[in-house]
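**Student:** One file is attached below, start-v8.pdb, containing PDB, C-alpha atoms.
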```
ATOM      1  CA  MET A   1     123.429  53.501  17.234
ATOM      2  CA  GLN A   2     125.633  56.084  15.652
ATOM      3  CA  ARG A   3     123.831  59.269  16.601
ATOM      4  CA  ILE A   4     123.564  62.106  19.076
ATOM      5  CA  SER A   5     120.752  61.614  21.579
ATOM      6  CA  LYS A   6     121.476  64.715  23.671
ATOM      7  CA  ILE A   7     123.204  67.976  22.808
ATOM      8  CA  GLU A   8     124.197  70.729  25.200
ATOM      9  CA  ILE A   9     125.887  74.053  24.646
ATOM     10  CA  ASP A  10     128.064  75.426  27.389
ATOM     11  CA  ASP A  11     127.271  79.119  27.083
ATOM     12  CA  ARG A  12     127.854  80.085  30.714
ATOM     13  CA  ASN A  13     130.463  82.706  29.872
ATOM     14  CA  LEU A  14     128.701  84.119  26.834
ATOM     15  CA  PRO A  15     126.451  87.162  26.606
ATOM     16  CA  PRO A  16     122.718  86.426  26.371
ATOM     17  CA  PRO A  17     121.666  85.642  22.794
ATOM     18  CA  THR A  18     119.393  87.848  20.749
ATOM     19  CA  PRO A  19     115.908  86.426  20.094
ATOM     20  CA  GLU A  20     116.946  85.572  16.513
ATOM     21  CA  ILE A  21     120.062  83.716  17.671
ATOM     22  CA  GLU A  22     118.101  81.874  20.331
ATOM     23  CA  GLN A  23     115.578  80.805  17.676
ATOM     24  CA  GLU A  24     118.383  79.563  15.363
ATOM     25  CA  ARG A  25     119.784  77.587  18.288
ATOM     26  CA  LYS A  26     116.456  75.999  19.236
ATOM     27  CA  VAL A  27     115.679  74.982  15.661
ATOM     28  CA  ALA A  28     119.160  73.525  15.100
ATOM     29  CA  MET A  29     119.020  71.548  18.353
ATOM     30  CA  PHE A  30     115.528  70.223  17.633
ATOM     31  CA  ASP A  31     116.408  69.246  14.056
ATOM     32  CA  LEU A  32     119.691  67.683  15.152
ATOM     33  CA  LEU A  33     118.031  65.483  17.758
ATOM     34  CA  GLU A  34     115.262  64.489  15.350
ATOM     35  CA  GLU A  35     117.710  63.170  12.758
ATOM     36  CA  ASN A  36     121.487  62.932  12.779
ATOM     37  CA  THR A  37     124.417  60.679  12.059
ATOM     38  CA  PHE A  38     127.312  60.874  14.507
ATOM     39  CA  GLY A  39     129.805  58.129  15.141
ATOM     40  CA  LEU A  40     133.263  57.795  16.567
ATOM     41  CA  PRO A  41     135.674  55.969  14.291
ATOM     42  CA  LYS A  42     137.482  52.928  15.635
ATOM     43  CA  ARG A  43     141.123  53.473  16.469
ATOM     44  CA  ASP A  44     143.858  50.901  16.831
ATOM     45  CA  ASP A  45     144.940  52.131  20.242
ATOM     46  CA  ARG A  46     141.606  52.338  22.064
ATOM     47  CA  VAL A  47     138.123  50.943  22.395
ATOM     48  CA  VAL A  48     135.391  53.322  21.261
ATOM     49  CA  PRO A  49     132.087  52.971  23.112
ATOM     50  CA  ASP A  50     128.998  52.641  20.978
ATOM     51  CA  GLY A  51     126.423  55.408  20.816
ATOM     52  CA  PRO A  52     124.017  56.989  21.057
ATOM     53  CA  TYR A  53     126.083  59.888  22.346
ATOM     54  CA  CYS A  54     125.617  62.941  24.500
ATOM     55  CA  VAL A  55     127.619  65.858  23.119
ATOM     56  CA  GLU A  56     128.523  69.087  24.855
ATOM     57  CA  LEU A  57     129.861  71.923  22.706
ATOM     58  CA  SER A  58     131.884  74.694  24.284
ATOM     59  CA  ILE A  59     134.631  77.156  23.603
ATOM     60  CA  ARG A  60     137.677  76.813  25.833
ATOM     61  CA  ASP A  61     140.942  78.637  25.344
ATOM     62  CA  LYS A  62     139.701  79.916  21.969
ATOM     63  CA  ARG A  63     139.093  76.367  20.745
ATOM     64  CA  LEU A  64     135.871  74.578  19.915
ATOM     65  CA  VAL A  65     135.491  71.572  22.216
ATOM     66  CA  PHE A  66     133.378  68.496  21.536
ATOM     67  CA  ASP A  67     132.950  66.550  24.774
ATOM     68  CA  VAL A  68     131.347  63.216  23.876
ATOM     69  CA  ALA A  69     129.929  60.668  26.320
ATOM     70  CA  THR A  70     127.622  57.691  26.111
ATOM     71  CA  GLU A  71     124.071  57.932  27.412
ATOM     72  CA  THR A  72     125.285  56.236  30.596
ATOM     73  CA  GLY A  73     127.868  58.976  31.135
ATOM     74  CA  GLU A  74     130.938  57.019  30.031
ATOM     75  CA  LYS A  75     133.525  59.324  28.464
ATOM     76  CA  ALA A  76     133.727  58.472  24.767
ATOM     77  CA  ALA A  77     135.917  61.212  23.295
ATOM     78  CA  GLU A  78     136.963  64.810  23.574
ATOM     79  CA  PHE A  79     138.402  66.770  20.733
ATOM     80  CA  HIS A  80     139.419  70.380  20.323
ATOM     81  CA  LEU A  81     139.201  72.225  17.020
ATOM     82  CA  SER A  82     140.799  75.515  16.153
ATOM     83  CA  LEU A  83     138.225  78.243  15.559
ATOM     84  CA  SER A  84     140.420  79.920  12.939
ATOM     85  CA  PRO A  85     139.025  77.994   9.927
ATOM     86  CA  PHE A  86     135.495  78.976  11.001
ATOM     87  CA  ARG A  87     136.004  82.698  11.663
ATOM     88  CA  GLN A  88     135.262  84.097   8.212
ATOM     89  CA  VAL A  89     132.399  81.755   7.358
ATOM     90  CA  VAL A  90     130.751  82.406  10.751
ATOM     91  CA  LYS A  91     131.119  86.142  10.214
ATOM     92  CA  ASP A  92     129.622  85.835   6.713
ATOM     93  CA  TYR A  93     126.843  83.606   8.030
ATOM     94  CA  TRP A  94     125.767  86.090  10.710
ATOM     95  CA  ALA A  95     125.947  88.992   8.241
ATOM     96  CA  ILE A  96     123.652  87.201   5.785
ATOM     97  CA  CYS A  97     121.377  86.090   8.648
ATOM     98  CA  GLU A  98     121.018  89.693   9.749
ATOM     99  CA  SER A  99     120.057  90.640   6.191
ATOM    100  CA  TYR A 100     117.613  87.749   6.123
ATOM    101  CA  PHE A 101     116.002  88.719   9.449
ATOM    102  CA  ASP A 102     115.586  92.299   8.182
ATOM    103  CA  ALA A 103     114.277  91.121   4.808
ATOM    104  CA  VAL A 104     111.585  88.972   6.403
ATOM    105  CA  LYS A 105     110.174  92.115   7.993
ATOM    106  CA  ASN A 106     110.323  94.427   4.995
ATOM    107  CA  MET A 107     110.894  92.761   1.614
ATOM    108  CA  PRO A 108     108.810  90.824  -0.885
ATOM    109  CA  PRO A 109     109.112  87.018  -0.976
ATOM    110  CA  SER A 110     111.311  86.995  -4.098
ATOM    111  CA  GLN A 111     114.022  89.051  -2.386
ATOM    112  CA  ILE A 112     113.748  87.003   0.798
ATOM    113  CA  GLU A 113     114.249  83.842  -1.254
ATOM    114  CA  THR A 114     117.395  85.262  -2.889
ATOM    115  CA  ILE A 115     118.904  86.128   0.483
ATOM    116  CA  ASP A 116     117.907  82.736   1.874
ATOM    117  CA  MET A 117     119.665  80.967  -1.028
ATOM    118  CA  ALA A 118     122.860  82.895  -0.212
ATOM    119  CA  ARG A 119     122.436  82.011   3.447
ATOM    120  CA  ARG A 120     122.116  78.315   2.593
ATOM    121  CA  GLY A 121     125.262  78.515   0.463
ATOM    122  CA  ILE A 122     127.300  79.991   3.318
ATOM    123  CA  HIS A 123     125.780  77.452   5.700
ATOM    124  CA  ASN A 124     126.838  74.622   3.383
ATOM    125  CA  GLU A 125     130.376  76.020   3.287
ATOM    126  CA  GLY A 126     130.499  76.062   7.090
ATOM    127  CA  ALA A 127     129.242  72.476   7.186
ATOM    128  CA  ARG A 128     131.912  71.448   4.663
ATOM    129  CA  ILE A 129     134.644  73.019   6.823
ATOM    130  CA  LEU A 130     133.283  71.243   9.895
ATOM    131  CA  GLU A 131     133.222  67.896   8.081
ATOM    132  CA  GLU A 132     136.880  68.406   7.115
ATOM    133  CA  ARG A 133     137.844  69.389  10.674
ATOM    134  CA  LEU A 134     136.049  66.351  12.126
ATOM    135  CA  GLU A 135     137.736  63.909   9.758
ATOM    136  CA  ALA A 136     139.190  60.965  11.712
ATOM    137  CA  LYS A 137     137.570  62.346  14.903
ATOM    138  CA  ALA A 138     133.857  61.845  14.228
ATOM    139  CA  ASP A 139     131.777  60.560  11.340
ATOM    140  CA  VAL A 140     128.905  62.892  10.468
ATOM    141  CA  ASP A 141     126.638  63.282   7.478
ATOM    142  CA  HIS A 142     126.153  66.637   5.746
ATOM    143  CA  ASP A 143     122.834  67.477   7.431
ATOM    144  CA  THR A 144     124.327  66.775  10.878
ATOM    145  CA  ALA A 145     127.329  68.970  10.013
ATOM    146  CA  ARG A 146     124.940  71.780   8.966
ATOM    147  CA  ARG A 147     123.068  71.636  12.265
ATOM    148  CA  LEU A 148     126.274  71.449  14.290
ATOM    149  CA  PHE A 149     127.625  74.410  12.312
ATOM    150  CA  THR A 150     124.599  76.463  13.380
ATOM    151  CA  LEU A 151     125.370  75.644  17.009
ATOM    152  CA  ILE A 152     129.023  76.565  16.472
ATOM    153  CA  CYS A 153     127.843  79.904  15.077
ATOM    154  CA  VAL A 154     125.797  80.477  18.226
ATOM    155  CA  LEU A 155     128.847  79.761  20.382
ATOM    156  CA  HIS A 156     131.183  81.747  18.159
ATOM    157  CA  PHE A 157     128.807  84.736  18.128
ATOM    158  CA  GLY A 158     128.877  84.936  21.882
ATOM    159  CA  GLY A 159     132.551  84.162  22.181
TER     160      GLY A 159
END
```
Write out the structure in this file as structure tokens.

**Tutor:**
Amino acid sequence: MQRISKIEIDDRNLPPPTPEIEQERKVAMFDLLEENTFGLPKRDDRVVPDGPYCVELSIRDKRLVFDVATETGEKAAEFHLSLSPFRQVVKDYWAICESYFDAVKNMPPSQIETIDMARRGIHNEGARILEERLEAKADVDHDTARRLFTLICVLHFGG
């Protein structure tokens, strides 16, 4: 099965998340495990173990690391992505999230909806960047990329 069955975030060296960030993380992890598409493409030079996969996300040496194993613990892949392409979209995402969190407390539904639409647009852009960065490394659908992008934002925020 081409999917993630377990996801972990290595946040040992990060500051504790705010309640809002922790909530974003929990929702993204739950949604990701409920439904996702994640596969490792076949390569000429190596055998790729079948999923489902256990994925650990971390930041090491200012790079985003996907450490992928099978459910039995067999190493399946590890790839490192530069954080540079994500910096601006993550910054924009957290800025609009902050506006959204404030709006939920104080604004009428119509204004909240407008901010949420902008938030979804930025989120989609982050997912698009992630899909491009994962090309030839992992096959993901758009919804999986969106949920993984949220988890990258959580890591990036702390890092």

**Student:** Sorted by chain and rising residue number, which residues of stretch 65-129 of chain A lie within 10 Å of stretch 10-25 of chain A, and what are their closest atom pairs and distances in Å to one decimal, counting all atoms listed in the file, as a Markdown table?

**Tutor:**
```
| residue | atom | partner | partner_atom | distance |
| --- | --- | --- | --- | --- |
| A:Val65 | CA | A:Asp10 | CA | 9.8 |
| A:Trp94 | CA | A:Ile21 | CA | 9.3 |
| A:Cys97 | CA | A:Glu20 | CA | 9.0 |
| A:Glu98 | CA | A:Glu20 | CA | 8.9 |
| A:Phe101 | CA | A:Glu20 | CA | 7.8 |
```

**Student:** Could you please determine the separation between atom CA of A:Leu134 and atom CA of A:Phe30 in Å, to one decimal place?

**Tutor:** 21.6 Å

**Student:** Take the PyMOL selection byres ((chain A and resi 35) around 9), apply it to the structure above, and return the hits as a list in words.

**Tutor:**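 On this input, the PyMOL selection byres ((chain A and resi 35) around 9) captures Arg3, Ile4, Phe30, Asp31, Leu32, Leu33, Glu34, Asn36, Thr37, Asp143 and Thr144 of chain A.
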
**Student:** Nearest to A:Ala145 among A:Phe38, A:Ile7, A:Ile96, A:Asp50, with distances taken over all atoms listed in the file: which residue is it?

**Tutor:**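 Smallest separation from A:Ala145 among the options: A:Phe38.
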
**Student:** Find the spatial neighbours of stretch 118-120 of chain A, counting only C-alpha atoms, within a cut-off of 9 Å - ignore same-chain residues fewer than 3 positions away - and output them as a list in words.

**Tutor:** Asp92, Tyr93, Trp94, Ile96, Cys97, Tyr100, Glu113, Thr114, Ile115, His123, Asn124 and Glu125 of chain A

**Student:** Ranking A:Pro109, A:Gly126, A:Gly73, A:Pro49 by minimum distance to A:Gln2 and counting all atoms listed in the file, which one comes first?

**Tutor:** A:Pro49

**Student:** Quick one: residues within 12 Å of A:Val47, all atoms listed in the file counted, chain neighbours fewer than 3 positions away excluded, as a PyMOL selection string?

**Tutor:** chain A and resi 40-44+50+75-77

**Student:** Would you put the residues from that selection into a file with C-alpha atoms, as an mmCIF file, keeping the file's coordinate frame?

**Tutor:**
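Listed below is the output, result16.cif:
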```
data_model
loop_
_atom_site.group_PDB
_atom_site.id
_atom_site.type_symbol
_atom_site.label_atom_id
_atom_site.label_comp_id
_atom_site.auth_asym_id
_atom_site.auth_seq_id
_atom_site.Cartn_x
_atom_site.Cartn_y
_atom_site.Cartn_z
ATOM 1 C CA LEU A 40 133.263 57.795 16.567
ATOM 2 C CA PRO A 41 135.674 55.969 14.291
ATOM 3 C CA LYS A 42 137.482 52.928 15.635
ATOM 4 C CA ARG A 43 141.123 53.473 16.469
ATOM 5 C CA ASP A 44 143.858 50.901 16.831
ATOM 6 C CA ASP A 50 128.998 52.641 20.978
ATOM 7 C CA LYS A 75 133.525 59.324 28.464
ATOM 8 C CA ALA A 76 133.727 58.472 24.767
ATOM 9 C CA ALA A 77 135.917 61.212 23.295
#
```

**Student:** Fewer than 2 positions away in the same chain doesn't count, so skip those; otherwise give me all residues within 7 Å of A:Phe149, counting only C-alpha atoms, as a list of chain:residue names.

**Tutor:**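 Counting only C-alpha atoms, the residues come to A:Gly126, A:Ala127, A:Leu130, A:Ala145, A:Arg146, A:Arg147, A:Leu151, A:Ile152, A:Cys153.
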
**Student:** How big is the axis-aligned box, and where does its centre sit, when it encloses all atoms of stretch 59-78 of chain A listed in the file and has 5 Å added on every side, reported in Å to one decimal as lines of an AutoDock Vina configuration file?

**Tutor:**
```
center_x = 132.5
center_y = 68.1
center_z = 25.5
size_x = 26.9
size_y = 33.7
size_z = 21.2
```

**Student:** Under the rule that only C-alpha atoms are counted, which of A:Ser99, A:Asn106, A:Ser84, A:Ser58 is the nearest residue to A:Ile9?

**Tutor:**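 Looking at the shortest contact to A:Ile9, the residue is A:Ser58.
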
**Student:** Nearest to A:Val154 among A:Val140, A:Val90, A:Val68, A:Met1, with distances taken over only C-alpha atoms: which residue is it?

**Tutor:**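 Of A:Val140, A:Val90, A:Val68, A:Met1, the one nearest A:Val154 is A:Val90, counting only C-alpha atoms.
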
**Student:** May I ask which of the residues A:Ala103, A:Glu71, A:Arg63, A:Ile122 is the closest one to A:Thr150, counting all atoms listed in the file?

**Tutor:**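 Among the listed residues, A:Ile122 lies closest to A:Thr150.
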
**Student:** Tell me which of A:Asp67, A:Arg87, A:Lys6, A:Val104 sits closest to A:Pro52, counting only C-alpha atoms.

**Tutor:**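 For A:Pro52, the nearest of the candidates is A:Lys6.
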
**Student:** How many Å separate atom CA of A:Glu8 from atom CA of A:Phe66?

**Tutor:**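 A separation of 10.1 Å between them.
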
**Student:** Please write as number ranges by chain the full residue list that the PyMOL selection byres ((chain A and resi 64) around 9) yields on this file.

**Tutor:** A: 57-63, 65-66, 79-83, 152, 155-156

**Student:** Please dump the current selection as a short mmCIF file (atom, residue, chain, number, x, y, z; two decimals), in the frame of the given file; keep C-alpha atoms.

**Tutor:**
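What landed in part-v9.cif:
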```cif
data_model
loop_
_atom_site.label_atom_id
_atom_site.label_comp_id
_atom_site.auth_asym_id
_atom_site.auth_seq_id
_atom_site.Cartn_x
_atom_site.Cartn_y
_atom_site.Cartn_z
CA LEU A 57 129.86 71.92 22.71
CA SER A 58 131.88 74.69 24.28
CA ILE A 59 134.63 77.16 23.60
CA ARG A 60 137.68 76.81 25.83
CA ASP A 61 140.94 78.64 25.34
CA LYS A 62 139.70 79.92 21.97
CA ARG A 63 139.09 76.37 20.74
CA VAL A 65 135.49 71.57 22.22
CA PHE A 66 133.38 68.50 21.54
CA PHE A 79 138.40 66.77 20.73
CA HIS A 80 139.42 70.38 20.32
CA LEU A 81 139.20 72.22 17.02
CA SER A 82 140.80 75.52 16.15
CA LEU A 83 138.22 78.24 15.56
CA ILE A 152 129.02 76.56 16.47
CA LEU A 155 128.85 79.76 20.38
CA HIS A 156 131.18 81.75 18.16
#
```

**Student:** What is the atom CA of A:Phe86-atom CA of A:Gly51 distance in Å, reported with one decimal?

**Tutor:**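 Spanning atom CA of A:Phe86 to atom CA of A:Gly51 is a straight-line distance of 27.1 Å.
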